[in-house]
Amino acid sequence: MTLQSTDKVSTREKLAYGMGCFGQNLAYYFISNFIFFFYTDVFYILPAAAGTILLITKIWDGINDPIMGIIVDRTRSRWGKFRPWLLFTPILFVPISILCFSAPDLTYTGKIIWAYATFIFFDITYTASDVPFWAMSSAITSDPVERNSVVVYPRFIATIAIALATVGTVPLIHFFQNPDHPDRGYQLTALFYGIITVVCFAFTFFFVKERVKTGNDTEHASKKDVFTTLLKNKPLVILIVSGLFVNMATGAKLSTLIYYAKYNLNNEMLNPLVAGINIPFILAGIVITPYIAKRFGKKMTYIILLGLFVIGSLGFYLSGWDNLVLILMWSCVSSLGMAAPLVLQTSMLADTIEYAQLKTGKRQEGLIFSTQTFMVKLSSALTSWITGIILTATGFAANQIQNQRALAGIHSIISLLPLICAAIAIVPMVFYPLTERFHKEIMTQLRQRTEESE
């Protein structure tokens with residue numbers, strides 16, 4: 001490993017890094033939080049089948065994540081290891097996203113095949129940009145404190161993107177909608193978000209530098225390293241397990257909101273209102289996270305604010321769905337605690353790169369960050385699968401007035417499921433060993449090795 005200057009990263013560069021996350025999250029939020037609803041209410045696929053589609057495709061695609069990580073680790077170009085992927089792969093987002101939200105006139109079996117094929121292609125292109133994007137955070141600087149600051153920018157900007165997508169997606173769909181083609185509004189919204197994604201990733205490509213570079217004598221990761229990396233990297237395993245449940249909790253809250261507004265609150269257009277009120281609290285959680293982490297450390301900050309997520313979800317669940325003010329109050333509390341783990345996960349994953357390098361002698365940014373992509377996909381798949389099961393078991397019927405069991409099922413998905421998942425996510429973090437002091441010792445040992453080998 002060659003450690004170049006780790007001086008403070010400029011605000012301009014941090015913003016440029018965050019811009020990539022803006023475009024990516026517009027596209028990803030749209031497809032991850034509306035595709036299930038599109039399948040059930042537009043394409044007329046049964047909920048259980050729709051959940052199974054998302055579960056199987058994401059698990060299958062998750063197998064490709066470590067492979068993509070190995071490919072990224074082996075990438076050598078005049079633009080660096082990660083930047084080339086950010087320039088070319090986002091272009092594929094545009095046509096594939098449109099295909100995902102297309103509802104051709106097919107038999108029911110044909111619809112299932114279409115959904116499988118288009119969603120698999122989307123996941124592959126998403127992986128090819130997401131793994132190198134987040135892995136690049138480890139190459140911008142090796143300073144763990146500065147990493148926190150760098151990572152906050154894409155997470156904060158991503159939240160703004162999600163906020164805009166949350167508030168604006170339903171109005172955009174209705175604006176573009178064609179009564180003769182129910183999928184047209186979704187297709188044009190996908191096109192709109194896809195173009196923004198391409199432009200934003202170009203900003204990251206042109207204005208962000210890779211400073212921490214792997215020397216030519218550094219060993220490359222291989223397929224067998226997928227297992228050895230996990231076996232020898234306890235902090236990484238803990239983050240994966242905890243992150244899986246954190247992302248399930250977050251996904252359940254966000255992806256069910258469109259159902260909750262349409263059926264429990266009897267007004268689909270309340271989706272932007274409910275989501276919009278939560279946005280300042282999500283942003284506040286992201287802003288305060290680095291300051292709390294500086295005082296108490298990443299581990300304790302992660303646990304404390306995740307606990308706040310649990311409390312808010314409990315209050316939401318006990319409130320029912322008849323009192324909108326009470327619902328919004330507890331939802332905002334959970335949103336404040338929801339943001340911190342998402343910010344800290346990326347920074348803590350970057351820290352495990354040096355931990356693994358000390359243990360194995362290999363620097364595997366791509367491989368390690370591919371576990372984050374796999375974690376996000378698997379959590380989304382499990383959430384969709386559980387959602388499909390609950391909706392089917394409670395008698396949900398698309399575009400009809402729901403019975404009380406179905407309404408209770410939707411309410412449980414958006415409140416009780418996040419509560420349970422967030423509570424489970426706290427448990428492994430109690431045993432997380434990679435403190436700031438420990439990481440500093442690791443960096444000292446790595447620099448000593450570098451000096452001795454020169």
# chains A, B, ... in the order shown; residues from 1 in each chain; ligands from 1
call {"tool": "residues_around", "arguments": {"residues": "Pro341 in chain A", "least_positions_apart": "6", "cutoff": "12 Å", "atoms": "only C-alpha atoms", "output": "compact mmCIF listing (two decimals) with C-alpha atoms, in the first residue's frame"}}
result
# COMPACT_ATOMS: atom_id res chain seq x y z
CA VAL A 152 -21.01 12.16 5.71
CA ARG A 155 -24.81 10.04 3.03
CA LEU A 239 -20.96 -5.05 10.47
CA ILE A 240 -22.50 -7.28 7.81
CA SER A 242 -25.86 -5.77 11.99
CA GLY A 243 -26.14 -3.88 8.71
CA LEU A 244 -28.39 -6.55 7.25
CA PHE A 245 -31.00 -5.91 9.94
CA VAL A 246 -30.52 -2.13 9.90
CA ASN A 247 -31.20 -2.05 6.17
CA ALA A 249 -35.60 -1.94 9.21
CA THR A 250 -34.99 1.09 6.99
CA ILE A 282 -33.22 12.21 8.90
CA GLY A 285 -29.46 12.53 12.39
CA ILE A 286 -26.82 12.54 9.67
CA THR A 289 -23.61 11.66 13.86
CA PRO A 290 -19.96 12.77 13.31
CA ALA A 293 -19.02 9.79 17.17
CA LYS A 298 -18.48 5.13 16.29
CA LYS A 299 -19.58 1.99 18.11
CA MET A 300 -21.48 3.70 20.92
CA THR A 301 -22.98 6.28 18.55
CA TYR A 302 -24.23 3.44 16.35
CA ILE A 303 -25.86 1.67 19.31
CA ILE A 304 -27.35 4.78 20.95
CA LEU A 305 -29.03 6.18 17.84
CA LEU A 306 -30.15 2.74 16.71
CA GLY A 307 -31.86 2.48 20.09
CA LEU A 308 -33.68 5.71 19.26
CA PHE A 309 -34.87 4.05 16.05
CA SER A 335 -36.12 8.81 11.47
CA SER A 347 -16.91 4.62 7.54
CA MET A 348 -16.58 1.51 9.70
CA LEU A 349 -16.37 -0.75 6.64
CA ALA A 422 -33.38 -2.53 14.59
CA ALA A 425 -29.08 -5.08 14.82
CA ILE A 426 -27.88 -3.71 18.16
CA MET A 429 -22.52 -4.33 17.66
call {"tool": "closest_residue", "arguments": {"among": "A:Gln24, A:Ser149, A:Asn399, A:Thr352", "to": "Glu268 in chain A", "atoms": "only C-alpha atoms"}}
result
A:Asn399
call {"tool": "residues_around", "arguments": {"residues": "Ala261 in chain A", "least_positions_apart": "5", "cutoff": "7 Å", "atoms": "only C-alpha atoms", "output": "number ranges by chain"}}
result
A: 266-268, 270-271
call {"tool": "write_last_selection", "arguments": {"atoms": "N, CA and C atoms", "output": "PDB file, in the first residue's frame"}}
result
ATOM      1  N   ASN A 266     -55.901   6.304   3.382  1.00  0.00           N
ATOM      2  CA  ASN A 266     -56.924   6.531   2.354  1.00  0.00           C
ATOM      3  C   ASN A 266     -56.593   7.661   1.380  1.00  0.00           C
ATOM      4  N   ASN A 267     -55.313   7.962   1.209  1.00  0.00           N
ATOM      5  CA  ASN A 267     -54.938   9.023   0.272  1.00  0.00           C
ATOM      6  C   ASN A 267     -53.497   8.806  -0.172  1.00  0.00           C
ATOM      7  N   GLU A 268     -53.302   8.340  -1.393  1.00  0.00           N
ATOM      8  CA  GLU A 268     -51.961   8.062  -1.897  1.00  0.00           C
ATOM      9  C   GLU A 268     -51.076   9.307  -1.891  1.00  0.00           C
ATOM     10  N   LEU A 270     -50.820  11.471   0.319  1.00  0.00           N
ATOM     11  CA  LEU A 270     -50.247  11.753   1.644  1.00  0.00           C
ATOM     12  C   LEU A 270     -48.832  11.197   1.768  1.00  0.00           C
ATOM     13  N   ASN A 271     -48.452  10.337   0.825  1.00  0.00           N
ATOM     14  CA  ASN A 271     -47.091   9.793   0.825  1.00  0.00           C
ATOM     15  C   ASN A 271     -46.043  10.900   0.857  1.00  0.00           C
TER      16      ASN A 271
END
call {"tool": "closest_residue", "arguments": {"among": "A:Ile258, A:Ile71, A:Ile31, A:Met19", "to": "Phe206 in chain A", "atoms": "only C-alpha atoms"}}
result
A:Met19
call {"tool": "residues_around", "arguments": {"residues": "Val151 in chain A", "least_positions_apart": "5", "cutoff": "8 Å", "atoms": "only C-alpha atoms", "output": "list in words"}}
result
Ser137, Val343, Thr346 and Ser347 of chain A
call {"tool": "select_by_dssp", "arguments": {"residues": "range 9-163 of chain A", "states": "alpha helix (DSSP H)", "output": "NGL selection string"}}
result
:A and (11-41 or 47-62 or 64-74 or 83-88 or 93-100 or 108-135 or 137-140 or 144-163)
call {"tool": "residues_around", "arguments": {"residues": "Phe36 in chain A", "least_positions_apart": "5", "cutoff": "9 Å", "atoms": "only C-alpha atoms", "output": "list in words"}}
result
Ile31, Asp41, Pro47, Ala50, Gly51, Leu54, Ser255, Ser384 and Gly388 of chain A
call {"tool": "write_last_selection", "arguments": {"atoms": "N, CA and C atoms", "output": "mmCIF file, in the first residue's frame"}}
result
data_model
loop_
_atom_site.group_PDB
_atom_site.id
_atom_site.type_symbol
_atom_site.label_atom_id
_atom_site.label_comp_id
_atom_site.auth_asym_id
_atom_site.auth_seq_id
_atom_site.Cartn_x
_atom_site.Cartn_y
_atom_site.Cartn_z
ATOM 1 N N ILE A 31 -36.527 2.617 -7.638
ATOM 2 C CA ILE A 31 -36.771 1.220 -8.005
ATOM 3 C C ILE A 31 -36.939 0.323 -6.774
ATOM 4 N N ASP A 41 -49.712 -3.449 -8.055
ATOM 5 C CA ASP A 41 -50.823 -2.564 -8.377
ATOM 6 C C ASP A 41 -50.873 -2.125 -9.843
ATOM 7 N N PRO A 47 -48.821 -10.514 -4.527
ATOM 8 C CA PRO A 47 -47.792 -10.063 -3.563
ATOM 9 C C PRO A 47 -46.763 -11.129 -3.208
ATOM 10 N N ALA A 50 -44.460 -11.549 -6.124
ATOM 11 C CA ALA A 50 -43.598 -10.374 -6.274
ATOM 12 C C ALA A 50 -42.472 -10.395 -5.242
ATOM 13 N N GLY A 51 -42.802 -10.753 -3.998
ATOM 14 C CA GLY A 51 -41.776 -10.838 -2.959
ATOM 15 C C GLY A 51 -40.756 -11.917 -3.263
ATOM 16 N N LEU A 54 -38.240 -10.735 -5.982
ATOM 17 C CA LEU A 54 -37.206 -9.850 -5.461
ATOM 18 C C LEU A 54 -36.218 -10.601 -4.572
ATOM 19 N N SER A 255 -40.253 1.541 2.069
ATOM 20 C CA SER A 255 -40.933 0.920 0.925
ATOM 21 C C SER A 255 -42.417 0.691 1.175
ATOM 22 N N SER A 384 -38.810 -7.398 1.093
ATOM 23 C CA SER A 384 -39.855 -7.564 0.082
ATOM 24 C C SER A 384 -40.556 -8.913 0.233
ATOM 25 N N GLY A 388 -44.421 -9.426 1.116
ATOM 26 C CA GLY A 388 -45.329 -10.208 0.278
ATOM 27 C C GLY A 388 -46.081 -11.265 1.062
#
call {"tool": "closest_residue", "arguments": {"among": "A:Met136, A:Ile113, A:Val237, A:Ala381", "to": "Leu86 in chain A", "atoms": "only C-alpha atoms"}}
result
A:Met136
call {"tool": "residues_around", "arguments": {"residues": "Val376 in chain A", "least_positions_apart": "2", "cutoff": "12 Å", "atoms": "only C-alpha atoms", "output": "PyMOL selection string"}}
result
chain A and resi 28+32+58-59+61-62+65+123+126-127+130-131+239-251+342+345-346+369-374+378-383
call {"tool": "write_last_selection", "arguments": {"atoms": "C-alpha atoms", "output": "PDB file, in the first residue's frame"}}
result
ATOM      1  CA  TYR A  28     -32.132   3.264  -6.506  1.00  0.00           C
ATOM      2  CA  SER A  32     -36.285  -0.288  -4.547  1.00  0.00           C
ATOM      3  CA  LYS A  58     -31.223 -10.347  -5.224  1.00  0.00           C
ATOM      4  CA  ILE A  59     -29.773 -13.497  -3.681  1.00  0.00           C
ATOM      5  CA  ASP A  61     -27.198 -11.276  -7.912  1.00  0.00           C
ATOM      6  CA  GLY A  62     -25.563 -11.144  -4.482  1.00  0.00           C
ATOM      7  CA  ASP A  65     -21.047  -8.900  -5.573  1.00  0.00           C
ATOM      8  CA  ASP A 123     -29.016  -5.401 -10.000  1.00  0.00           C
ATOM      9  CA  TYR A 126     -26.167  -1.265  -9.896  1.00  0.00           C
ATOM     10  CA  THR A 127     -23.443  -3.482  -8.417  1.00  0.00           C
ATOM     11  CA  ASP A 130     -22.068   0.867  -6.256  1.00  0.00           C
ATOM     12  CA  VAL A 131     -19.137  -1.340  -5.210  1.00  0.00           C
ATOM     13  CA  LEU A 239     -20.963  -5.046  10.472  1.00  0.00           C
ATOM     14  CA  ILE A 240     -22.503  -7.281   7.806  1.00  0.00           C
ATOM     15  CA  VAL A 241     -24.843  -8.996  10.277  1.00  0.00           C
ATOM     16  CA  SER A 242     -25.862  -5.768  11.985  1.00  0.00           C
ATOM     17  CA  GLY A 243     -26.135  -3.879   8.708  1.00  0.00           C
ATOM     18  CA  LEU A 244     -28.392  -6.554   7.251  1.00  0.00           C
ATOM     19  CA  PHE A 245     -31.003  -5.914   9.943  1.00  0.00           C
ATOM     20  CA  VAL A 246     -30.518  -2.127   9.901  1.00  0.00           C
ATOM     21  CA  ASN A 247     -31.205  -2.046   6.174  1.00  0.00           C
ATOM     22  CA  MET A 248     -34.214  -4.338   6.606  1.00  0.00           C
ATOM     23  CA  ALA A 249     -35.603  -1.937   9.207  1.00  0.00           C
ATOM     24  CA  THR A 250     -34.991   1.089   6.993  1.00  0.00           C
ATOM     25  CA  GLY A 251     -36.330  -0.623   3.890  1.00  0.00           C
ATOM     26  CA  LEU A 342     -26.238   4.275   7.543  1.00  0.00           C
ATOM     27  CA  GLN A 345     -21.582   1.640   8.286  1.00  0.00           C
ATOM     28  CA  THR A 346     -19.575   2.996   5.380  1.00  0.00           C
ATOM     29  CA  PHE A 369     -17.235  -3.045  -0.010  1.00  0.00           C
ATOM     30  CA  SER A 370     -18.943  -5.655  -2.160  1.00  0.00           C
ATOM     31  CA  THR A 371     -20.204  -7.107   1.134  1.00  0.00           C
ATOM     32  CA  GLN A 372     -22.069  -3.830   1.703  1.00  0.00           C
ATOM     33  CA  THR A 373     -23.739  -4.086  -1.699  1.00  0.00           C
ATOM     34  CA  PHE A 374     -24.673  -7.703  -1.014  1.00  0.00           C
ATOM     35  CA  LEU A 378     -30.192  -9.203   0.656  1.00  0.00           C
ATOM     36  CA  SER A 379     -31.918  -6.981   3.212  1.00  0.00           C
ATOM     37  CA  SER A 380     -34.113  -5.463   0.508  1.00  0.00           C
ATOM     38  CA  ALA A 381     -34.943  -8.919  -0.802  1.00  0.00           C
ATOM     39  CA  LEU A 382     -35.850 -10.275   2.629  1.00  0.00           C
ATOM     40  CA  THR A 383     -37.957  -7.195   3.364  1.00  0.00           C
TER      41      THR A 383
END
call {"tool": "closest_residue", "arguments": {"among": "A:Lys262, A:Asp143, A:Ile327, A:Ile424", "to": "Thr444 in chain A", "atoms": "only C-alpha atoms"}}
result
A:Asp143
call {"tool": "atom_distance", "arguments": {"atom1": "CA of Tyr291 in chain A", "atom2": "CA of Ala16 in chain A"}}
result
22.3 Å
call {"tool": "residues_around", "arguments": {"residues": "range 184-189 of chain A", "least_positions_apart": "2", "cutoff": "10 Å", "atoms": "only C-alpha atoms", "output": "count of residues only"}}
result
35
call {"tool": "closest_residue", "arguments": {"among": "A:Ile413, A:Val150, A:Val72, A:Met338", "to": "Lys8 in chain A", "atoms": "only C-alpha atoms"}}
result
A:Val150
call {"tool": "closest_residue", "arguments": {"among": "A:Phe316, A:Phe205, A:Phe121, A:Phe156", "to": "Ala340 in chain A", "atoms": "only C-alpha atoms"}}
result
A:Phe156
